[in-house]
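Asks: Pasting input_22.cif below, which is mmCIF, C-alpha atoms.
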data_coords
loop_
_atom_site.group_PDB
_atom_site.id
_atom_site.type_symbol
_atom_site.label_atom_id
_atom_site.label_comp_id
_atom_site.auth_asym_id
_atom_site.auth_seq_id
_atom_site.Cartn_x
_atom_site.Cartn_y
_atom_site.Cartn_z
ATOM 1 C CA MET A 1 -21.181 10.666 12.298
ATOM 2 C CA LEU A 2 -20.552 11.295 8.609
ATOM 3 C CA ALA A 3 -19.485 7.686 7.958
ATOM 4 C CA GLN A 4 -23.014 6.497 8.675
ATOM 5 C CA THR A 5 -24.744 8.938 6.346
ATOM 6 C CA PRO A 6 -25.661 8.484 2.687
ATOM 7 C CA GLN A 7 -23.369 11.406 1.819
ATOM 8 C CA PHE A 8 -20.260 9.537 2.980
ATOM 9 C CA GLY A 9 -19.674 8.021 -0.479
ATOM 10 C CA GLU A 10 -19.858 11.493 -1.999
ATOM 11 C CA TYR A 11 -17.423 12.767 0.617
ATOM 12 C CA LEU A 12 -14.936 10.024 -0.288
ATOM 13 C CA THR A 13 -15.330 10.823 -3.987
ATOM 14 C CA VAL A 14 -14.505 14.456 -3.316
ATOM 15 C CA LEU A 15 -11.423 13.408 -1.322
ATOM 16 C CA ILE A 16 -10.217 11.191 -4.157
ATOM 17 C CA ASN A 17 -10.494 14.031 -6.638
ATOM 18 C CA LEU A 18 -8.863 16.726 -4.508
ATOM 19 C CA ASP A 19 -5.585 18.143 -5.690
ATOM 20 C CA LEU A 20 -2.638 16.744 -3.850
ATOM 21 C CA SER A 21 -1.819 18.658 -0.692
ATOM 22 C CA LEU A 22 -0.442 18.021 2.747
ATOM 23 C CA HIS A 23 -3.870 18.772 4.215
ATOM 24 C CA SER A 24 -5.738 16.300 2.007
ATOM 25 C CA MET A 25 -3.218 13.575 2.878
ATOM 26 C CA GLU A 26 -3.610 14.367 6.584
ATOM 27 C CA VAL A 27 -7.390 14.087 6.293
ATOM 28 C CA VAL A 28 -7.176 10.750 4.473
ATOM 29 C CA ASN A 29 -4.576 9.480 6.938
ATOM 30 C CA LYS A 30 -6.813 10.335 9.914
ATOM 31 C CA ILE A 31 -9.886 8.832 8.270
ATOM 32 C CA THR A 32 -8.100 5.585 7.375
ATOM 33 C CA ALA A 33 -6.781 5.308 10.925
ATOM 34 C CA SER A 34 -10.200 5.763 12.511
ATOM 35 C CA LEU A 35 -12.588 4.100 10.043
ATOM 36 C CA GLU A 36 -12.583 0.990 7.954
ATOM 37 C CA LEU A 37 -12.758 2.375 4.427
ATOM 38 C CA PRO A 38 -13.435 0.512 1.203
ATOM 39 C CA PRO A 39 -10.099 -0.682 -0.224
ATOM 40 C CA GLN A 40 -11.059 0.862 -3.576
ATOM 41 C CA PHE A 41 -11.104 4.302 -1.987
ATOM 42 C CA ILE A 42 -7.595 3.970 -0.613
ATOM 43 C CA HIS A 43 -6.309 2.567 -3.911
ATOM 44 C CA PHE A 44 -7.918 5.356 -5.948
ATOM 45 C CA TYR A 45 -6.527 7.953 -3.565
ATOM 46 C CA ILE A 46 -3.025 6.482 -3.814
ATOM 47 C CA ARG A 47 -3.255 6.402 -7.608
ATOM 48 C CA ASN A 48 -4.414 10.022 -7.574
ATOM 49 C CA CYS A 49 -1.451 10.998 -5.375
ATOM 50 C CA ILE A 50 0.986 9.230 -7.708
ATOM 51 C CA THR A 51 -0.572 10.829 -10.784
ATOM 52 C CA ASN A 52 -0.535 14.286 -9.218
ATOM 53 C CA CYS A 53 3.136 13.907 -8.301
ATOM 54 C CA THR A 54 4.095 13.020 -11.850
ATOM 55 C CA GLU A 55 2.189 16.008 -13.245
ATOM 56 C CA ILE A 56 3.971 18.638 -11.112
ATOM 57 C CA SER A 57 6.326 20.562 -13.366
ATOM 58 C CA ASP A 58 8.401 22.383 -10.737
ATOM 59 C CA LYS A 59 11.086 19.933 -9.576
ATOM 60 C CA ASN A 60 11.378 21.299 -6.023
ATOM 61 C CA THR A 61 7.634 21.106 -5.493
ATOM 62 C CA GLN A 62 7.538 17.670 -7.083
ATOM 63 C CA HIS A 63 10.307 16.378 -4.794
ATOM 64 C CA ARG A 64 8.498 17.771 -1.765
ATOM 65 C CA PHE A 65 5.274 16.004 -2.698
ATOM 66 C CA VAL A 66 7.061 12.770 -3.598
ATOM 67 C CA ARG A 67 8.536 12.792 -0.090
ATOM 68 C CA LEU A 68 5.110 13.442 1.443
ATOM 69 C CA VAL A 69 3.447 10.700 -0.595
ATOM 70 C CA CYS A 70 6.196 8.223 0.300
ATOM 71 C CA VAL A 71 5.869 8.999 4.015
ATOM 72 C CA PHE A 72 2.077 8.715 3.710
ATOM 73 C CA LEU A 73 2.321 5.351 1.913
ATOM 74 C CA THR A 74 4.883 4.059 4.393
ATOM 75 C CA ALA A 75 2.523 4.910 7.261
ATOM 76 C CA LEU A 76 -0.406 3.176 5.532
ATOM 77 C CA ILE A 77 1.686 0.073 4.896
ATOM 78 C CA ARG A 78 3.222 -0.115 8.370
ATOM 79 C CA ASN A 79 -0.209 0.325 9.972
ATOM 80 C CA ARG A 80 -1.647 -2.315 7.627
ATOM 81 C CA LEU A 81 -4.306 0.041 6.319
ATOM 82 C CA VAL A 82 -3.728 -0.841 2.681
ATOM 83 C CA ASN A 83 -3.375 -4.122 0.824
ATOM 84 C CA VAL A 84 -0.132 -3.417 -0.972
ATOM 85 C CA GLN A 85 -0.338 -6.417 -3.278
ATOM 86 C CA GLU A 86 -3.213 -4.876 -5.233
ATOM 87 C CA ILE A 87 -1.220 -1.761 -6.170
ATOM 88 C CA LEU A 88 2.323 -3.013 -5.697
ATOM 89 C CA ILE A 89 3.453 -2.490 -9.286
ATOM 90 C CA GLU A 90 2.245 1.109 -9.368
ATOM 91 C CA ILE A 91 3.938 1.975 -6.094
ATOM 92 C CA GLN A 92 7.169 0.257 -7.135
ATOM 93 C CA ALA A 93 7.173 2.123 -10.456
ATOM 94 C CA PHE A 94 6.626 5.388 -8.571
ATOM 95 C CA CYS A 95 9.568 4.588 -6.292
ATOM 96 C CA ILE A 96 11.801 3.708 -9.224
ATOM 97 C CA ASP A 97 10.834 6.902 -11.078
ATOM 98 C CA HIS A 98 11.854 8.909 -8.012
ATOM 99 C CA SER A 99 14.725 6.728 -6.813
ATOM 100 C CA ARG A 100 16.959 9.736 -6.169
ATOM 101 C CA ILE A 101 14.666 10.764 -3.334
ATOM 102 C CA ARG A 102 15.569 9.094 -0.050
ATOM 103 C CA GLU A 103 11.951 8.479 1.044
ATOM 104 C CA ALA A 104 11.149 6.754 -2.267
ATOM 105 C CA THR A 105 14.142 4.476 -1.820
ATOM 106 C CA GLY A 106 13.045 3.689 1.737
ATOM 107 C CA LEU A 107 9.521 2.895 0.558
ATOM 108 C CA PHE A 108 10.893 0.641 -2.179
ATOM 109 C CA ARG A 109 12.999 -1.236 0.387
ATOM 110 C CA LEU A 110 9.943 -1.635 2.614
ATOM 111 C CA LEU A 111 7.977 -3.094 -0.307
ATOM 112 C CA LYS A 112 10.794 -5.502 -1.108
ATOM 113 C CA SER A 113 11.067 -6.616 2.512
ATOM 114 C CA LEU A 114 7.320 -7.246 2.633
ATOM 115 C CA ASP A 115 7.540 -9.203 -0.610
ATOM 116 C CA SER A 116 10.438 -11.218 0.780
ATOM 117 C CA LYS A 117 8.525 -11.985 3.996
ATOM 118 C CA GLU A 118 5.478 -13.019 2.001
ATOM 119 C CA ASN A 119 7.585 -15.352 -0.147
ATOM 120 C CA GLN A 120 9.121 -16.871 2.990
ATOM 121 C CA LEU A 121 5.642 -17.492 4.402
ATOM 122 C CA ARG A 122 4.521 -19.108 1.152
ATOM 123 C CA LYS A 123 7.600 -21.322 1.152
ATOM 124 C CA LEU A 124 7.045 -22.263 4.796
ATOM 125 C CA ASN A 125 3.371 -23.046 4.129
ATOM 126 C CA ASN A 126 4.340 -25.186 1.131
ATOM 127 C CA GLU A 127 6.941 -27.059 3.202
ATOM 128 C CA ASN A 128 4.388 -27.661 5.965
ATOM 129 C CA PHE A 129 1.871 -28.883 3.397
ATOM 130 C CA ILE A 130 4.441 -31.267 1.949
ATOM 131 C CA ARG A 131 5.273 -32.565 5.455
ATOM 132 C CA VAL A 132 1.597 -33.104 6.200
ATOM 133 C CA PHE A 133 1.139 -34.729 2.819
ATOM 134 C CA LYS A 134 4.080 -37.065 3.446
ATOM 135 C CA LYS A 135 2.760 -37.963 6.897
ATOM 136 C CA THR A 136 -0.654 -38.614 5.389
ATOM 137 C CA ASP A 137 0.933 -40.639 2.625
ATOM 138 C CA VAL A 138 2.845 -42.710 5.179
ATOM 139 C CA MET A 139 -0.337 -43.214 7.162
ATOM 140 C CA ILE A 140 -2.070 -44.455 4.060
ATOM 141 C CA CYS A 141 0.734 -46.947 3.515
ATOM 142 C CA TYR A 142 0.242 -48.311 7.023
ATOM 143 C CA ILE A 143 -3.491 -48.685 6.705
#
Just give me the structure as structure tokens.

Replies:
Amino acid sequence: MLAQTPQFGEYLTVLINLDLSLHSMEVVNKITASLELPPQFIHFYIRNCITNCTEISDKNTQHRFVRLVCVFLTALIRNRLVNVQEILIEIQAFCIDHSRIREATGLFRLLKSLDSKENQLRKLNNENFIRVFKKTDVMICYI
């Protein structure tokens, strides 16, 4: 298997530097689904996709690739194959830049819902910590 060879790092580097295409995204999607890849690879690939989309001069082609990238990112996020927090700002900026495209708006909403859920978990964890702290504090008073 290629993943266990010394050339695997070179293979990933080539994938990162490929021009944006449906086929390259399909390859990366299949690899991320079947192998545990270094997070840096996925982040670099996403950044490359975003950069390539912004550099496309033909609007129809650009819109097509923005849709593809948004669907690709949505799949990575829903399958928990990428840590969104590390590249959240870049993805949000991409979505805002292309907010007239339905898939970009959907991706932005997904990011916001994840952020909201994460904030709710933090709040819940803080409340539980405070409850435990109060119980501990009360126990100390009784001792």

Asks: Which protein, DNA or RNA residues are at most 12 Å from (9.5, -4.1, 4.6) in the file's coordinates when you count all atoms listed in the file, listed as a list in words?

Replies: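 Checked against the point, the hits come out as Thr74, Ala75, Ile77, Arg78, Asn79, Arg80, Val84, Thr105, Gly106, Leu107, Phe108, Arg109, Leu110, Leu111, Lys112, Ser113, Leu114, Asp115, Ser116, Lys117 and Glu118 of chain A.
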
Asks: Which residues match the PyMOL selection byres ((chain A and resi 67) around 10) in the file above, as a list of chain:residue names?

Replies: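 What the PyMOL selection byres ((chain A and resi 67) around 10) grabs from the file is A:Cys53, A:Thr61, A:Gln62, A:His63, A:Arg64, A:Phe65, A:Val66, A:Leu68, A:Val69, A:Cys70, A:Val71, A:Phe72, A:Leu73, A:His98, A:Ile101, A:Arg102, A:Glu103, A:Ala104, A:Leu107.
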
Asks: Nearest to Ala33 of chain A among A:Ile89, A:Asp97, A:Val82, A:Glu55, with distances taken over all atoms listed in the file: which residue is it?

Replies: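 Looking only at the distances to Ala33 of chain A, the closest residue turns out to be A:Val82.
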
Asks: List as a ChimeraX atom specification: which residues have an atom within 12 Å of (1.8, 0.8, -7.3), counting only C-alpha atoms?

Replies: /A:42-51,70,73,82-97,107-108,111

Asks: Using all atoms listed in the file, can you tell me which of A:Gln7, A:Ser57, A:Leu81, A:Ser99 comes closest to Val28 of chain A?

Replies: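 The shortest atom-to-atom distance to Val28 of chain A comes from A:Leu81.
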
Asks: Could you please determine the separation between atom CA of Glu36 of chain A and atom CA of Asn52 of chain A in Å, to one decimal place?

Replies: 24.8 Å

Asks: Give me, please, the distance in Å between atom CA of Leu35 of chain A and atom CA of Leu20 of chain A, quoted to one decimal.

Replies: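 Going from atom CA of Leu35 of chain A over to atom CA of Leu20 of chain A, I get 21.3 Å.
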